[in-house]
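Printed here is final-v4.txt (compact mmCIF, C-alpha atoms):
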```txt
# COMPACT_ATOMS: atom_id res chain seq x y z
CA MET A 1 8.36 -60.22 -67.67
CA GLU A 2 5.11 -59.28 -69.37
CA GLN A 3 5.28 -56.06 -71.39
CA VAL A 4 2.57 -53.68 -72.64
CA ASP A 5 2.57 -50.21 -74.15
CA VAL A 6 0.51 -48.55 -71.41
CA ILE A 7 -0.43 -49.20 -67.80
CA VAL A 8 -3.13 -47.02 -66.25
CA VAL A 9 -3.48 -47.36 -62.48
CA GLY A 10 -7.07 -46.82 -61.40
CA ALA A 11 -10.38 -47.80 -63.05
CA GLY A 12 -12.47 -44.81 -62.05
CA VAL A 13 -14.11 -42.65 -64.68
CA VAL A 14 -10.91 -40.69 -65.33
CA GLY A 15 -8.64 -43.74 -65.50
CA LEU A 16 -11.05 -45.46 -67.88
CA ALA A 17 -11.35 -42.35 -70.06
CA VAL A 18 -7.56 -41.99 -70.24
CA ALA A 19 -7.11 -45.69 -71.02
CA ARG A 20 -9.81 -45.53 -73.69
CA THR A 21 -8.11 -42.60 -75.40
CA LEU A 22 -4.70 -44.28 -75.45
CA ALA A 23 -6.04 -47.67 -76.53
CA ARG A 24 -8.01 -46.10 -79.39
CA GLY A 25 -4.70 -44.58 -80.48
CA GLY A 26 -3.35 -48.08 -81.12
CA LEU A 27 -1.51 -48.65 -77.82
CA GLU A 28 -1.79 -51.95 -75.95
CA THR A 29 -3.35 -50.74 -72.72
CA LEU A 30 -3.77 -52.43 -69.34
CA VAL A 31 -5.77 -50.89 -66.47
CA LEU A 32 -4.89 -52.08 -62.97
CA GLU A 33 -7.58 -51.59 -60.30
CA ARG A 34 -7.18 -52.71 -56.70
CA GLU A 35 -10.92 -53.05 -56.02
CA ARG A 36 -13.15 -55.85 -57.34
CA ALA A 37 -15.23 -53.49 -59.48
CA ILE A 38 -14.69 -50.36 -61.53
CA GLY A 39 -15.42 -46.91 -60.15
CA THR A 40 -16.00 -47.72 -56.49
CA GLY A 41 -14.33 -44.56 -55.14
CA ILE A 42 -14.78 -40.93 -56.17
CA SER A 43 -16.57 -41.91 -59.39
CA SER A 44 -19.51 -43.55 -57.62
CA ARG A 45 -19.74 -41.25 -54.59
CA ASN A 46 -20.56 -37.85 -56.03
CA SER A 47 -23.49 -35.76 -57.28
CA GLU A 48 -23.35 -37.10 -60.88
CA VAL A 49 -23.56 -33.55 -62.21
CA ILE A 50 -22.38 -32.42 -65.65
CA HIS A 51 -20.98 -29.01 -64.79
CA ALA A 52 -21.07 -26.06 -67.17
CA GLY A 53 -17.65 -24.69 -66.13
CA LEU A 54 -18.38 -21.39 -64.39
CA TYR A 55 -16.75 -21.87 -60.99
CA TYR A 56 -13.07 -22.11 -61.87
CA PRO A 57 -10.41 -19.43 -62.45
CA SER A 58 -10.05 -18.49 -66.10
CA GLY A 59 -7.15 -20.27 -67.74
CA SER A 60 -7.08 -23.03 -65.13
CA LEU A 61 -7.12 -26.69 -66.09
CA LYS A 62 -10.44 -27.07 -64.29
CA ALA A 63 -12.04 -24.29 -66.36
CA ARG A 64 -10.62 -25.38 -69.71
CA LEU A 65 -11.16 -29.12 -69.29
CA CYS A 66 -14.62 -28.73 -67.75
CA VAL A 67 -15.94 -26.69 -70.68
CA ALA A 68 -14.32 -28.95 -73.28
CA GLY A 69 -15.31 -32.05 -71.34
CA ARG A 70 -18.93 -30.95 -70.97
CA HIS A 71 -19.36 -30.60 -74.74
CA ALA A 72 -17.62 -33.95 -75.35
CA LEU A 73 -19.61 -35.71 -72.63
CA TYR A 74 -23.03 -34.63 -73.87
CA ASP A 75 -22.10 -35.76 -77.39
CA TYR A 76 -20.69 -39.05 -76.10
CA CYS A 77 -23.73 -39.86 -73.97
CA ALA A 78 -26.07 -39.11 -76.87
CA GLU A 79 -24.07 -41.30 -79.25
CA ARG A 80 -23.69 -44.22 -76.83
CA GLY A 81 -27.13 -44.11 -75.22
CA VAL A 82 -25.73 -43.32 -71.77
CA GLY A 83 -28.45 -41.97 -69.49
CA HIS A 84 -28.23 -38.21 -68.98
CA ARG A 85 -30.43 -35.11 -68.86
CA ARG A 86 -29.66 -31.46 -69.51
CA CYS A 87 -31.93 -30.29 -66.68
CA GLY A 88 -30.30 -26.95 -65.88
CA LYS A 89 -29.29 -25.43 -62.58
CA LEU A 90 -30.12 -22.36 -60.52
CA ILE A 91 -27.38 -20.83 -58.38
CA VAL A 92 -29.14 -18.71 -55.79
CA ALA A 93 -28.43 -15.68 -53.66
CA THR A 94 -30.51 -15.92 -50.49
CA ALA A 95 -29.48 -12.51 -49.11
CA GLN A 96 -28.78 -9.13 -50.70
CA ALA A 97 -25.12 -9.39 -49.66
CA GLN A 98 -24.78 -12.39 -51.98
CA CYS A 99 -25.91 -10.54 -55.12
CA ALA A 100 -22.46 -9.11 -55.87
CA PRO A 101 -20.73 -12.51 -55.58
CA LEU A 102 -23.44 -13.98 -57.80
CA LEU A 103 -22.73 -11.34 -60.44
CA ALA A 104 -19.01 -12.07 -60.15
CA LEU A 105 -19.75 -15.76 -60.70
CA GLU A 106 -21.62 -14.91 -63.89
CA ARG A 107 -18.65 -12.88 -65.15
CA GLN A 108 -16.33 -15.76 -64.27
CA GLY A 109 -18.47 -18.22 -66.19
CA ARG A 110 -18.61 -16.05 -69.29
CA ALA A 111 -14.84 -15.59 -69.16
CA ASN A 112 -14.55 -19.39 -69.14
CA GLY A 113 -16.68 -19.74 -72.25
CA VAL A 114 -20.05 -20.48 -70.62
CA GLN A 115 -22.16 -18.17 -72.75
CA ASP A 116 -25.71 -19.30 -71.93
CA LEU A 117 -25.91 -18.04 -68.34
CA GLN A 118 -29.07 -16.06 -67.51
CA PRO A 119 -29.29 -13.71 -64.50
CA LEU A 120 -32.75 -13.79 -62.88
CA ASN A 121 -34.47 -11.62 -60.32
CA ARG A 122 -36.53 -13.12 -57.52
CA ALA A 123 -39.78 -13.21 -59.46
CA GLN A 124 -38.18 -14.77 -62.54
CA ALA A 125 -36.48 -17.46 -60.48
CA MET A 126 -39.64 -18.31 -58.57
CA ALA A 127 -41.61 -18.46 -61.80
CA LEU A 128 -39.31 -21.32 -62.84
CA GLU A 129 -39.24 -22.96 -59.40
CA PRO A 130 -42.23 -21.89 -57.26
CA GLN A 131 -40.93 -23.48 -54.05
CA LEU A 132 -37.63 -21.62 -54.26
CA GLU A 133 -36.76 -18.72 -51.96
CA CYS A 134 -34.07 -16.28 -53.09
CA VAL A 135 -33.40 -12.63 -53.88
CA ALA A 136 -31.67 -13.38 -57.20
CA ALA A 137 -30.43 -16.37 -59.15
CA LEU A 138 -28.24 -17.40 -62.05
CA LEU A 139 -29.63 -19.96 -64.48
CA SER A 140 -27.15 -22.38 -66.08
CA PRO A 141 -29.12 -24.21 -68.81
CA SER A 142 -26.17 -26.41 -69.86
CA THR A 143 -25.76 -28.04 -66.44
CA GLY A 144 -27.06 -31.59 -66.34
CA ILE A 145 -26.89 -35.02 -64.73
CA VAL A 146 -25.48 -38.34 -65.91
CA ASP A 147 -25.62 -42.01 -64.95
CA SER A 148 -21.99 -42.28 -63.88
CA HIS A 149 -21.95 -46.08 -63.68
CA ALA A 150 -23.41 -46.45 -67.17
CA LEU A 151 -20.80 -43.97 -68.40
CA MET A 152 -17.98 -46.02 -66.90
CA LEU A 153 -19.33 -49.25 -68.37
CA SER A 154 -19.45 -47.57 -71.78
CA LEU A 155 -15.87 -46.31 -71.44
CA GLN A 156 -14.74 -49.78 -70.39
CA GLY A 157 -16.51 -51.26 -73.41
CA ASP A 158 -14.74 -48.81 -75.73
CA LEU A 159 -11.42 -49.68 -74.12
CA GLU A 160 -11.94 -53.41 -74.50
CA ARG A 161 -13.10 -53.11 -78.11
CA ALA A 162 -9.82 -51.30 -78.78
CA GLY A 163 -7.92 -54.27 -77.31
CA GLY A 164 -7.46 -52.92 -73.78
CA VAL A 165 -7.88 -54.95 -70.59
CA VAL A 166 -9.06 -54.07 -67.07
CA ALA A 167 -7.51 -56.20 -64.32
CA LEU A 168 -9.58 -55.96 -61.13
CA GLY A 169 -8.37 -56.88 -57.67
CA THR A 170 -4.82 -55.92 -58.63
CA THR A 171 -2.95 -53.62 -56.27
CA VAL A 172 0.12 -51.75 -57.50
CA SER A 173 2.76 -51.76 -54.77
CA SER A 174 5.60 -49.94 -56.53
CA ILE A 175 6.80 -48.48 -59.80
CA VAL A 176 10.40 -48.21 -60.94
CA ALA A 177 10.65 -45.39 -63.45
CA GLY A 178 12.82 -46.16 -66.44
CA ALA A 179 12.79 -47.16 -70.07
CA PRO A 180 10.59 -49.12 -69.73
CA HIS A 181 8.88 -48.50 -66.39
CA VAL A 182 8.47 -51.60 -64.24
CA VAL A 183 5.23 -51.94 -62.28
CA GLN A 184 4.99 -54.33 -59.35
CA ALA A 185 1.43 -55.59 -58.81
CA GLY A 186 1.07 -58.49 -56.43
CA ASP A 187 3.51 -61.17 -57.58
CA MET A 188 3.60 -59.76 -61.13
CA GLU A 189 6.16 -57.48 -62.69
CA ILE A 190 4.92 -55.72 -65.81
CA ALA A 191 6.97 -53.46 -68.06
CA ALA A 192 5.39 -50.52 -69.85
CA ARG A 193 6.80 -47.58 -71.73
CA ILE A 194 3.88 -45.42 -70.51
CA VAL A 195 2.42 -45.36 -66.99
CA VAL A 196 -0.49 -43.14 -65.96
CA ASN A 197 -1.23 -42.79 -62.25
CA ALA A 198 -5.00 -42.22 -62.12
CA ALA A 199 -5.42 -43.67 -58.64
CA GLY A 200 -7.72 -40.88 -57.48
CA LEU A 201 -7.67 -40.44 -53.72
CA PHE A 202 -4.50 -42.49 -53.49
CA ALA A 203 -2.57 -41.01 -56.42
CA PRO A 204 -0.22 -39.02 -54.13
CA ALA A 205 0.50 -42.14 -52.07
CA LEU A 206 1.27 -44.11 -55.23
CA ALA A 207 3.55 -41.33 -56.48
CA GLY A 208 5.45 -41.72 -53.22
CA ARG A 209 6.22 -45.29 -54.29
CA ILE A 210 7.63 -44.39 -57.71
CA GLU A 211 11.37 -44.99 -57.63
CA GLY A 212 13.17 -42.26 -59.54
CA LEU A 213 10.53 -39.56 -59.03
CA ALA A 214 11.89 -36.45 -57.30
CA PRO A 215 10.28 -35.25 -54.03
CA ALA A 216 8.70 -32.30 -55.83
CA GLY A 217 6.61 -34.78 -57.80
CA ARG A 218 5.16 -36.34 -54.65
CA PRO A 219 2.52 -33.98 -53.21
CA VAL A 220 0.74 -34.62 -49.94
CA GLY A 221 -2.83 -35.75 -50.53
CA ARG A 222 -5.63 -34.63 -48.23
CA PHE A 223 -9.22 -35.80 -47.94
CA ALA A 224 -12.50 -33.88 -47.65
CA LYS A 225 -15.44 -36.11 -46.79
CA GLY A 226 -18.93 -35.08 -47.85
CA HIS A 227 -22.26 -36.40 -46.62
CA TYR A 228 -25.37 -36.82 -48.76
CA PHE A 229 -28.95 -37.05 -47.54
CA SER A 230 -31.94 -38.10 -49.63
CA LEU A 231 -35.53 -36.90 -49.64
CA ALA A 232 -38.44 -39.30 -49.88
CA GLY A 233 -41.36 -38.33 -52.05
CA ARG A 234 -41.99 -36.13 -55.03
CA PRO A 235 -39.16 -33.77 -56.09
CA PRO A 236 -39.92 -30.14 -55.15
CA PHE A 237 -37.80 -28.79 -58.04
CA SER A 238 -37.24 -29.67 -61.68
CA ARG A 239 -33.72 -28.18 -61.79
CA LEU A 240 -30.65 -28.48 -59.61
CA ILE A 241 -30.45 -25.82 -56.88
CA TYR A 242 -27.06 -24.60 -55.69
CA PRO A 243 -26.10 -22.00 -53.10
CA LEU A 244 -23.09 -19.82 -53.77
CA PRO A 245 -19.84 -21.85 -53.64
CA GLN A 246 -17.85 -22.16 -50.43
CA ALA A 247 -14.10 -22.33 -49.88
CA ALA A 248 -13.78 -26.13 -49.99
CA GLY A 249 -16.82 -27.05 -52.08
CA LEU A 250 -20.00 -25.96 -53.80
CA GLY A 251 -22.18 -25.91 -50.70
CA VAL A 252 -25.10 -28.14 -49.69
CA HIS A 253 -26.92 -28.29 -53.00
CA LEU A 254 -30.01 -30.07 -54.25
CA THR A 255 -29.47 -32.53 -57.07
CA LEU A 256 -31.65 -35.02 -58.88
CA ASP A 257 -30.82 -38.40 -60.32
CA LEU A 258 -32.31 -39.80 -63.51
CA ALA A 259 -34.99 -41.65 -61.51
CA GLY A 260 -36.13 -38.38 -59.91
CA GLN A 261 -34.61 -39.04 -56.49
CA VAL A 262 -33.66 -35.85 -54.62
CA ARG A 263 -30.28 -35.69 -52.90
CA PHE A 264 -28.71 -32.97 -50.81
CA GLY A 265 -24.99 -32.53 -50.25
CA PRO A 266 -22.14 -32.65 -49.89
CA ASP A 267 -20.91 -30.86 -46.81
CA VAL A 268 -17.20 -30.71 -45.96
CA GLU A 269 -15.46 -32.70 -43.23
CA TRP A 270 -11.67 -32.96 -43.40
CA VAL A 271 -10.61 -36.51 -42.55
CA GLU A 272 -7.50 -38.67 -42.52
CA ALA A 273 -6.91 -42.21 -43.73
CA ASP A 274 -6.39 -44.93 -41.14
CA ALA A 275 -3.12 -46.80 -40.63
CA GLU A 276 -3.92 -49.12 -43.55
CA GLY A 277 -4.81 -46.22 -45.84
CA GLY A 278 -8.55 -46.83 -45.56
CA LEU A 279 -11.26 -44.17 -45.29
CA ASP A 280 -14.43 -44.15 -43.19
CA TYR A 281 -17.47 -43.85 -45.48
CA ARG A 282 -20.09 -44.17 -42.74
CA VAL A 283 -22.84 -41.55 -42.73
CA ASP A 284 -23.16 -39.45 -39.57
CA ALA A 285 -26.94 -39.01 -39.32
CA ARG A 286 -26.45 -36.24 -36.73
CA ARG A 287 -25.33 -33.92 -39.52
CA ALA A 288 -28.92 -33.78 -40.82
CA ALA A 289 -29.71 -30.83 -38.53
CA GLY A 290 -27.01 -28.71 -40.14
CA PHE A 291 -28.25 -29.74 -43.59
CA GLU A 292 -31.78 -28.64 -42.73
CA THR A 293 -30.54 -25.18 -41.76
CA GLU A 294 -28.64 -24.75 -45.03
CA ILE A 295 -31.43 -26.15 -47.22
CA ARG A 296 -34.13 -23.95 -45.69
CA ARG A 297 -32.22 -20.88 -46.86
CA TYR A 298 -33.43 -21.68 -50.39
CA TRP A 299 -36.28 -24.12 -49.67
CA PRO A 300 -38.13 -22.98 -46.53
CA ALA A 301 -40.82 -25.65 -46.98
CA LEU A 302 -38.45 -28.55 -46.27
CA PRO A 303 -40.50 -30.79 -43.95
CA ALA A 304 -39.02 -31.47 -40.53
CA GLY A 305 -37.32 -34.85 -40.33
CA ALA A 306 -37.60 -35.44 -44.08
CA LEU A 307 -33.89 -36.06 -44.69
CA GLN A 308 -32.66 -39.64 -44.78
CA PRO A 309 -28.97 -40.64 -44.61
CA ALA A 310 -27.82 -41.67 -48.08
CA TYR A 311 -24.06 -42.04 -48.59
CA THR A 312 -20.75 -40.22 -48.34
CA GLY A 313 -17.95 -39.44 -50.74
CA VAL A 314 -14.38 -38.26 -50.28
CA ARG A 315 -12.73 -35.61 -52.45
CA PRO A 316 -8.97 -35.59 -53.09
CA LYS A 317 -7.51 -32.23 -52.07
CA LEU A 318 -4.07 -30.74 -52.57
CA GLN A 319 -4.59 -27.90 -50.09
CA ARG A 320 -4.91 -27.82 -46.32
CA PRO A 321 -8.14 -26.73 -44.61
CA GLY A 322 -8.52 -22.98 -44.96
CA GLU A 323 -6.17 -22.69 -47.95
CA PRO A 324 -7.39 -21.66 -51.43
CA ALA A 325 -8.69 -24.42 -53.67
CA GLN A 326 -6.08 -25.90 -55.99
CA ASP A 327 -6.30 -26.65 -59.69
CA PHE A 328 -6.06 -30.10 -61.21
CA ARG A 329 -2.43 -31.14 -61.21
CA ILE A 330 -1.27 -33.11 -64.24
CA ASP A 331 2.42 -33.97 -63.90
CA GLY A 332 3.80 -35.26 -67.19
CA PRO A 333 7.32 -35.50 -68.59
CA GLY A 334 7.43 -31.72 -68.95
CA GLU A 335 6.94 -31.33 -65.18
CA HIS A 336 9.12 -34.10 -63.70
CA GLY A 337 11.44 -35.01 -66.58
CA ILE A 338 10.54 -38.73 -66.74
CA GLY A 339 9.44 -39.85 -70.18
CA GLY A 340 6.20 -41.80 -70.43
CA LEU A 341 4.98 -41.05 -66.88
CA VAL A 342 1.89 -39.00 -65.99
CA ASN A 343 0.58 -38.46 -62.47
CA LEU A 344 -2.94 -37.09 -61.97
CA PHE A 345 -3.38 -35.33 -58.63
CA GLY A 346 -6.37 -33.59 -57.06
CA ILE A 347 -8.84 -34.75 -59.70
CA GLU A 348 -12.01 -33.86 -57.85
CA SER A 349 -15.03 -32.00 -59.25
CA PRO A 350 -15.35 -31.33 -62.18
CA GLY A 351 -13.41 -34.52 -62.93
CA LEU A 352 -16.52 -36.48 -63.96
CA THR A 353 -17.53 -33.75 -66.42
CA ALA A 354 -13.96 -33.39 -67.68
CA CYS A 355 -13.13 -37.10 -68.00
CA LEU A 356 -13.00 -37.25 -71.81
CA ALA A 357 -11.06 -34.00 -72.01
CA LEU A 358 -8.65 -35.32 -69.37
CA GLY A 359 -8.02 -38.34 -71.57
CA GLU A 360 -7.09 -36.07 -74.46
CA GLU A 361 -4.94 -33.88 -72.21
CA VAL A 362 -2.93 -36.87 -71.00
CA ARG A 363 -2.45 -38.07 -74.57
CA ALA A 364 -1.25 -34.61 -75.64
CA ARG A 365 1.24 -34.35 -72.78
CA LEU A 366 2.66 -37.75 -73.57
CA GLU A 367 3.07 -36.77 -77.22
CA ARG A 368 4.84 -33.56 -76.23
```
Would you mind writing the structure in this file as structure tokens?
Amino acid sequence: MEQVDVIVVGAGVVGLAVARTLARGGLETLVLERERAIGTGISSRNSEVIHAGLYYPSGSLKARLCVAGRHALYDYCAERGVGHRRCGKLIVATAQAQCAPLLALERQGRANGVQDLQPLNRAQAMALEPQLECVAALLSPSTGIVDSHALMLSLQGDLERAGGVVALGTTVSSIVAGAPHVVQAGDMEIAARIVVNAAGLFAPALAGRIEGLAPAGRPVGRFAKGHYFSLAGRPPFSRLIYPLPQAAGLGVHLTLDLAGQVRFGPDVEWVEADAEGGLDYRVDARRAAGFETEIRRYWPALPAGALQPAYTGVRPKLQRPGEPAQDFRIDGPGEHGIGGLVNLFGIESPGLTACLALGEEVRARLER
């Protein structure tokens, strides 16, 4: 039986960041990915935003790891030449009733350590973005965008330079927890003293196949699909534009990519996996009408019929529809009592921003 120090299941941005951290610590690290390429799930189907860290409850993992991860990510991208831009973001109130929640969001951000937030009145906001319509706004200068695929390639390169390996097209069917853990992947059995479940959308399902893990360590995973639509032509804004956050997401926001392409999304559609565990990523073009209504609240000049179907993504949720949003869930030995095992659940936004901090958090929990 082959034996390594570490197996990380999942080669998305978080799995690669975790594997990089552990490999750079001198551990022989193997990443197992069931797809034929890295980062084909959550990591490549999102808004590619570097979040500042203002949305999340103070003291939560999301708040702490987002702020730490944002600082680390900007430094990393600058050092490695990974495409990114600190373009800033405006969170807008489009009605007077939204001004109080906007103020509360500012207080939340400052409590989380986001100290550069700037409240703006209507005139100040429109001076920055003339096509914007709002009654007030909150400017987040430290919000930005990143080339997520370039980031993942850089993380993979770091991992491989540290002696790590990524095995694509390798599906993990079961894990027997022990000393060492035994991972079944296809016709291979591999022993490892550390196993990190970073399987993203399917992390709860994989946890259900870990022999020796108590039921409390096997949460039910749920899926929230989000559509994105693109806009042809010149960008109407130079910054990202966000409405106030909603219960299951951050609303239909306007983002830019590094090439200047405008994207709107995501919305929220709760979905279920099919009998084989697959998810439907098709874009429902009929949802464009609802997008237009939401977008015109902050950009009334949106031309009719200008939205083009782009892509969809699916977010891993730990709550049911209508329930409060849940924090990241990092189950290490301190939570389930199994040495050398870490399960990462519900790693949705701001997981991309927090990826490097998540790598350090996993390392710290394993050391504890």
For segment 222-285 of chain A against segment 36-43 of chain A, with a cut-off of 12 Å and counting only C-alpha atoms, what is the closest atom pair and its distance in Å to one decimal for every residue that makes the cut, ordered by chain and number, as a tab-separated table?
```
residue	atom	partner	partner_atom	distance
A:Phe223	CA	A:Ile42	CA	11.2
A:Ala224	CA	A:Ile42	CA	11.3
A:Lys225	CA	A:Ile42	CA	10.6
A:Gly226	CA	A:Ile42	CA	11.0
A:Gly278	CA	A:Gly41	CA	11.4
A:Leu279	CA	A:Gly41	CA	10.3
A:Asp280	CA	A:Gly41	CA	12.0
A:Tyr281	CA	A:Gly41	CA	10.2
```
Legend entry - atom CA of Gln308 of chain A to atom CA of Ala289 of chain A, straight-line distance in Å: 11.2 Å
Legend entry - Nearest to Leu356 of chain A by atom-to-atom distance, counting only C-alpha atoms, from A:His253, A:Arg34, A:His71, A:Lys62: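 Smallest separation from Leu356 of chain A among the options: A:His71.
Proximity to Ala191 of chain A at 12 Å, evaluated using only C-alpha atoms and with sequence-adjacent residues fewer than 4 positions away removed, yields Met1, Glu2, Gln3, Val4, Asp5, Val6, Ile7, Glu28, Thr29, Leu30, Ile175, Val176, Ala177, Gly178, Ala179, Pro180, His181, Val182, Val183, Gln184, Ala185, Val195 and Gly340 of chain A.
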Legend entry - Distance of atom CA of Ser140 of chain A from atom CA of Pro119 of chain A, expressed in Å to one decimal place: 9.1 Å
Phe264 of chain A: which residues within 12 Å, counting all atoms listed in the file, same-chain residues fewer than 2 positions away excluded, as a short mmCIF file (atom, residue, chain, number, x, y, z; two decimals) with C-alpha atoms, keeping the file's coordinate frame?
```
data_model
loop_
_atom_site.label_atom_id
_atom_site.label_comp_id
_atom_site.auth_asym_id
_atom_site.auth_seq_id
_atom_site.Cartn_x
_atom_site.Cartn_y
_atom_site.Cartn_z
CA ASN A 46 -20.56 -37.85 -56.03
CA SER A 47 -23.49 -35.76 -57.28
CA GLY A 226 -18.93 -35.08 -47.85
CA HIS A 227 -22.26 -36.40 -46.62
CA TYR A 228 -25.37 -36.82 -48.76
CA PHE A 229 -28.95 -37.05 -47.54
CA SER A 230 -31.94 -38.10 -49.63
CA LEU A 231 -35.53 -36.90 -49.64
CA ALA A 232 -38.44 -39.30 -49.88
CA PRO A 235 -39.16 -33.77 -56.09
CA LEU A 240 -30.65 -28.48 -59.61
CA ILE A 241 -30.45 -25.82 -56.88
CA TYR A 242 -27.06 -24.60 -55.69
CA PRO A 243 -26.10 -22.00 -53.10
CA LEU A 250 -20.00 -25.96 -53.80
CA GLY A 251 -22.18 -25.91 -50.70
CA VAL A 252 -25.10 -28.14 -49.69
CA HIS A 253 -26.92 -28.29 -53.00
CA LEU A 254 -30.01 -30.07 -54.25
CA THR A 255 -29.47 -32.53 -57.07
CA LEU A 256 -31.65 -35.02 -58.88
CA ASP A 257 -30.82 -38.40 -60.32
CA GLN A 261 -34.61 -39.04 -56.49
CA VAL A 262 -33.66 -35.85 -54.62
CA PRO A 266 -22.14 -32.65 -49.89
CA ASP A 267 -20.91 -30.86 -46.81
CA ARG A 287 -25.33 -33.92 -39.52
CA ALA A 288 -28.92 -33.78 -40.82
CA GLY A 290 -27.01 -28.71 -40.14
CA PHE A 291 -28.25 -29.74 -43.59
CA GLU A 292 -31.78 -28.64 -42.73
CA GLU A 294 -28.64 -24.75 -45.03
CA ILE A 295 -31.43 -26.15 -47.22
CA ARG A 296 -34.13 -23.95 -45.69
CA TRP A 299 -36.28 -24.12 -49.67
CA LEU A 302 -38.45 -28.55 -46.27
CA ALA A 306 -37.60 -35.44 -44.08
CA LEU A 307 -33.89 -36.06 -44.69
CA GLN A 308 -32.66 -39.64 -44.78
CA PRO A 309 -28.97 -40.64 -44.61
CA ALA A 310 -27.82 -41.67 -48.08
CA TYR A 311 -24.06 -42.04 -48.59
CA THR A 312 -20.75 -40.22 -48.34
#
```
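Our summary of the geometry notes that atom CA of Gly12 of chain A is positioned 18.5 Å from atom CA of Gly163 of chain A.
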Inset, instruction - Counting all atoms listed in the file, figure out which residue out of A:Pro245, A:Gly217, A:Gly88, A:Gly351 gets nearest to Leu105 of chain A. - result: A:Pro245
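Closest approach to Gly212 of chain A among A:Cys355, A:Leu151, A:Leu258, A:Leu341 is made by A:Leu341 (distances from all atoms listed in the file).
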Inset, instruction - Quick one: everything within 12 Å of Val172 of chain A, counting all atoms listed in the file, minus sequence neighbours fewer than 2 positions away in the same chain. Send it as JSON, numbers by chain. - result: {"A": [7, 8, 9, 10, 31, 32, 33, 34, 35, 167, 168, 169, 170, 174, 175, 176, 182, 183, 184, 185, 186, 187, 188, 189, 190, 195, 197, 198, 199, 202, 203, 205, 206, 207, 209, 210]}
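Closest approach to Arg218 of chain A from the set A:Gly53, A:Gly15, A:Pro204, A:Gly69 is made by A:Pro204, with distances taken over all atoms listed in the file.
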Inset, instruction - For Leu90 of chain A, work out the shell of residues within 12 Å, counting only C-alpha atoms and skipping chain neighbours fewer than 5 positions away, then give it as a PyMOL selection string. - result: chain A and resi 52+102+106+117-122+124-126+128-129+132-134+136-144+237-244+253-255+298
Filtering to C-alpha atoms, could segment 10-35 of chain A of the supplied structure be written out as an mmCIF file, in the first residue's frame?
```cif
data_model
loop_
_atom_site.group_PDB
_atom_site.id
_atom_site.type_symbol
_atom_site.label_atom_id
_atom_site.label_comp_id
_atom_site.auth_asym_id
_atom_site.auth_seq_id
_atom_site.Cartn_x
_atom_site.Cartn_y
_atom_site.Cartn_z
ATOM 1 C CA GLY A 10 -10.346 18.304 -3.872
ATOM 2 C CA ALA A 11 -8.223 20.528 -6.142
ATOM 3 C CA GLY A 12 -10.260 23.709 -5.956
ATOM 4 C CA VAL A 13 -8.695 26.924 -4.728
ATOM 5 C CA VAL A 14 -9.142 25.952 -1.070
ATOM 6 C CA GLY A 15 -7.847 22.399 -1.472
ATOM 7 C CA LEU A 16 -4.804 23.671 -3.369
ATOM 8 C CA ALA A 17 -4.131 26.373 -0.776
ATOM 9 C CA VAL A 18 -4.371 23.850 2.071
ATOM 10 C CA ALA A 19 -2.128 21.375 0.237
ATOM 11 C CA ARG A 20 0.394 24.117 -0.519
ATOM 12 C CA THR A 21 0.583 25.124 3.132
ATOM 13 C CA LEU A 22 1.120 21.565 4.341
ATOM 14 C CA ALA A 23 3.623 20.678 1.615
ATOM 15 C CA ARG A 24 5.662 23.813 2.326
ATOM 16 C CA GLY A 25 5.791 22.595 5.921
ATOM 17 C CA GLY A 26 7.763 19.549 4.785
ATOM 18 C CA LEU A 27 4.909 17.032 4.482
ATOM 19 C CA GLU A 28 4.636 14.701 1.488
ATOM 20 C CA THR A 29 1.297 15.831 0.086
ATOM 21 C CA LEU A 30 -1.011 14.259 -2.489
ATOM 22 C CA VAL A 31 -4.120 16.004 -3.847
ATOM 23 C CA LEU A 32 -6.841 13.759 -5.271
ATOM 24 C CA GLU A 33 -9.285 15.406 -7.704
ATOM 25 C CA ARG A 34 -12.085 13.528 -9.434
ATOM 26 C CA GLU A 35 -12.313 15.910 -12.410
#
```
